[in-house]
Structure formats: structure tokens, C-alpha cells
Amino acid sequence: MDKNKMKSVTLIAGFAKKYKDEYLSVWKNSLKKHMTSWLDSFDFFLLHIYAQGRNDTLSTRYWKAAVKALSSYFRKDQEDINFKLEKAWKNNWIPHAPVWDEKDYMHKENQIWEQLAEYRAGKQRDQLMVLDALRFIYGIPDHNIIPYTIQKIKTGQIEEHFNEIDSIYQVGEKTASFYLRDTCMLYNLDELVKESECVFPIDTWVEQICKSIGVADETDDKKTIRLKILKLCSKTNIKPSDFNAGAWYCGKYSYDLMLDILTSVDSDLLMKALDL
């Protein structure tokens with residue numbers, strides 16, 4: 001195996017710590033709450049499925065709007081959130097089956113839809129995604145997505161669970177993997193899924209980094225890239241989730257990282273290394 005390639009993979013995986021510190025640490029105090037409150041777990045889930053490949057700032061804004069909209073409906077008047085979910089189900093405000101007609105839910109009588117629209121929780125397809133995600137969690141134990149995900153992972157059913165999430169309206173392979181990867185990282189489940197493709201989302205940043213360091217060819221599709229990285233991580237004893245998160249971080253913040261390097265190293269040594 002190419003030593004330079006191994007070094008690159010190891011260095012990139014090291015940036016997973018920065019990802020965890022900047023993106024996952026904010027959820028550390030919510031771990032217990034996630035196990036008992038399905039609405040708090042749902043907030044975490046929505047954050048990931050709202051990452052639809054658009055500008056991150058816009059996705060975050062839409063997600064925050066969705067959280068406010070759902071809080072406005074479910075936490076209003078101090079009523080029990082399970083009661084409010086049952087009410088939404090009985091009133092047919094959320095779909096009852098994976099296949100449904102959009103027009104049946106986009107109306108003023110639908111209080112959840114009205115809240116999502118009022119708070120501008122993304123485009124119509126984003127708001128419909130939230131409704132279908134509610135359909136999904138209505139049918140799982142305690143309506144709580146995170147304990148359900150953890151149980152699926154621990155019992156070796158991650159591929160089945162991935163397909164469940166992927167089947168939600170507007171949720172794709174990348175966002176399903178994104179949610180599963182971060183859940184594994186947050187709840188220390190990486191070792192249980194280190195050979196699984198389901199926790200390795202590939203977006204533009206990850207793809208560019210993989211091709212730039214030579215672990216993937218320019219003509220490789222996403223599945224081929226994923227398989228190559230999983231194989232390489234297995235040989236180097238590196239967690240694929242660490243490499244994946246590190247690659248995303250390096251790709252997104254490459255300019256900032258370059259400036260950090262330029263301003264932190266000895267300028268004379270750098271000039272000499274560059275033969276300037």
C-alpha cells in the first residue's frame with residue numbers, strides 16, 4: 001500500500017475530532033433526553049434529512065424553522081406531545097401509508113402543515129418531507145427514532161433501517177447515511193458498523209477529497225469510492241466514519257485550514273520546503 005496514501009487517510013481521519021467538536025458536541029447534553037423524548041430525537045433526525053445538498057446556511061435555517069413549527073404545534077397549551085401526535089394521525093394531517101397524494105395534506109385544516117408554512121420551513125417538498133417523517137416515526141416503538149436506530153444497529157439490522165429511512169419522502173441515500181453516521185458517532189456505535197456502506201455518505205466534498213489524495217479514480221462512481229475507502233480503512237485500522245467526517249470537514253474548510261497552516265508554521269521553513 002502506498003505510504004503517502006496511508007498518511008493522507010490517517011491525517012484526514014484526524015479531522016473527525018474537529019467535526020465532532022464543532023457539530024456533534026452541541027448534542028452531548030441531549031443524549032438522555034433523546035432516549036425519552038421523541039420530539040427531541042426528531043429534531044436531531046430532521047437536522048440531517050434537511051441537508052439536501054443546498055447551501056448549508058439555508059438548510060440550517062429551514063431546519064430551525066421546522067423545529068419552531070413543530071414546537072408550536074406539539075408543545076402548545078402544555079398538552080402531551082403523544083396526544084397531539086394521535087390527534088394529527090386521527091385527523092389525517094400526516095400520511096397513513098408510504099404512498100400518498102400531496103393535495104390531501106396541503107390545506108388550512110392541517111394544523112401541522114399550517115405551522116410549517118407559517119414558519120417557512122423550506123420549500124413545499126421540505127414541509128411534505130416532515131409530514132412523511134412523522135408518518136414513519138408514528139409507526140415505531142414510542143415514536144422515538146434514536147432508540148429505534150440504536151436497537152436496529154445493535155441487532156445487525158442497519159441495512160433494513162437504512163432502507164426504511166431512505167423510503168421517506170424526499171430523503172435520499174446521502175441524508176439517510178448522514179443521519180446514521182452521526183448517530184453512530186454520537187452514541188459510540190462505530191465499531192458495530194465499520195464495514196457498512198450505510199454510514200458513509202458521499203457528497204461533493206468527500207468525493208473531491210477521495211479523488212484528490214488518490215484513493216479514488218476520477219471516473220469512480222460513489223459506490224466504488226465508498227467500497228475503496230472501506231477497504232482502505234480496514235487495512236489501516238481507521239474508523240470509516242472518522243475518515244468520512246474528516247474528509248467532509250477538510251473539503252468544506254480547505255481554505256481556512258490552508259490559512260491556519262500558513263500562519264502557524266515557520267515561514268522560512270515553509271519557503272525552503274516549497275523551494276522558494
# chains A, B, ... in the order shown; residues from 1 in each chain; ligands from 1
$ select_by_dssp --residues "segment 15-76 of chain A" --states "alpha helix (DSSP H)" --output "ChimeraX atom specification"
/A:16-19,31-36,38-49,56-74
$ closest_residue --among "A:Tyr138, A:Tyr73, A:Tyr23, A:Trp100" --to "Glu114 of chain A" --atoms "only C-alpha atoms"
A:Tyr73
$ closest_atom_pairs --of "segment 43-101 of chain A" --to "segment 162-171 of chain A" --cutoff "9 Å" --atoms "only C-alpha atoms" --output "Markdown table"
| residue | atom | partner | partner_atom | distance |
| --- | --- | --- | --- | --- |
| A:Ile49 | CA | A:Val171 | CA | 6.1 |
| A:Tyr50 | CA | A:Val171 | CA | 8.4 |
| A:Gln52 | CA | A:Val171 | CA | 8.2 |
| A:Pro98 | CA | A:Ile168 | CA | 7.4 |
| A:Val99 | CA | A:Tyr169 | CA | 9.0 |
$ write_last_selection --atoms "N, CA, C and O atoms" --output "PDB file, in the first residue's frame"
ATOM      1  N   ILE A  49     -31.864  15.160   7.686  1.00  0.00           N
ATOM      2  CA  ILE A  49     -32.568  14.955   6.418  1.00  0.00           C
ATOM      3  C   ILE A  49     -32.865  16.275   5.712  1.00  0.00           C
ATOM      4  O   ILE A  49     -33.219  16.270   4.527  1.00  0.00           O
ATOM      5  N   TYR A  50     -32.698  17.394   6.424  1.00  0.00           N
ATOM      6  CA  TYR A  50     -32.821  18.701   5.762  1.00  0.00           C
ATOM      7  C   TYR A  50     -31.565  19.038   4.966  1.00  0.00           C
ATOM      8  O   TYR A  50     -31.563  19.994   4.189  1.00  0.00           O
ATOM      9  N   GLN A  52     -30.022  18.736   2.177  1.00  0.00           N
ATOM     10  CA  GLN A  52     -30.402  18.257   0.851  1.00  0.00           C
ATOM     11  C   GLN A  52     -29.411  18.637  -0.250  1.00  0.00           C
ATOM     12  O   GLN A  52     -29.756  18.629  -1.421  1.00  0.00           O
ATOM     13  N   PRO A  98     -46.928   4.821   2.918  1.00  0.00           N
ATOM     14  CA  PRO A  98     -45.773   5.393   2.199  1.00  0.00           C
ATOM     15  C   PRO A  98     -46.132   6.105   0.905  1.00  0.00           C
ATOM     16  O   PRO A  98     -45.404   6.993   0.460  1.00  0.00           O
ATOM     17  N   VAL A  99     -47.255   5.725   0.291  1.00  0.00           N
ATOM     18  CA  VAL A  99     -47.682   6.374  -0.955  1.00  0.00           C
ATOM     19  C   VAL A  99     -48.923   7.205  -0.666  1.00  0.00           C
ATOM     20  O   VAL A  99     -49.905   6.696  -0.104  1.00  0.00           O
TER      21      VAL A  99
END
$ residues_around --residues "segment 224-241 of chain A" --least-positions-apart "4" --cutoff "8 Å" --atoms "only C-alpha atoms" --output "VMD selection string"
chain A and resid 6 9 to 10 13 181 185 190 to 191 194 to 195 197 199 to 200 202 207 210 215 to 216 220 245
$ residues_around --residues "segment 63-69 of chain A" --least-positions-apart "4" --cutoff "12 Å" --atoms "only C-alpha atoms" --output "PyMOL selection string"
chain A and resi 39-52+56-59+73-76+111-124+126-131
$ closest_residue --among "A:Ile94, A:Leu85, A:Ile158, A:Leu186" --to "Lys28 of chain A" --atoms "only C-alpha atoms"
A:Leu186
$ residues_around --residues "Asp203 of chain A" --least-positions-apart "3" --cutoff "9 Å" --atoms "only C-alpha atoms" --output "NGL selection string"
:A and (53 or 174 or 206-208 or 222 or 248)
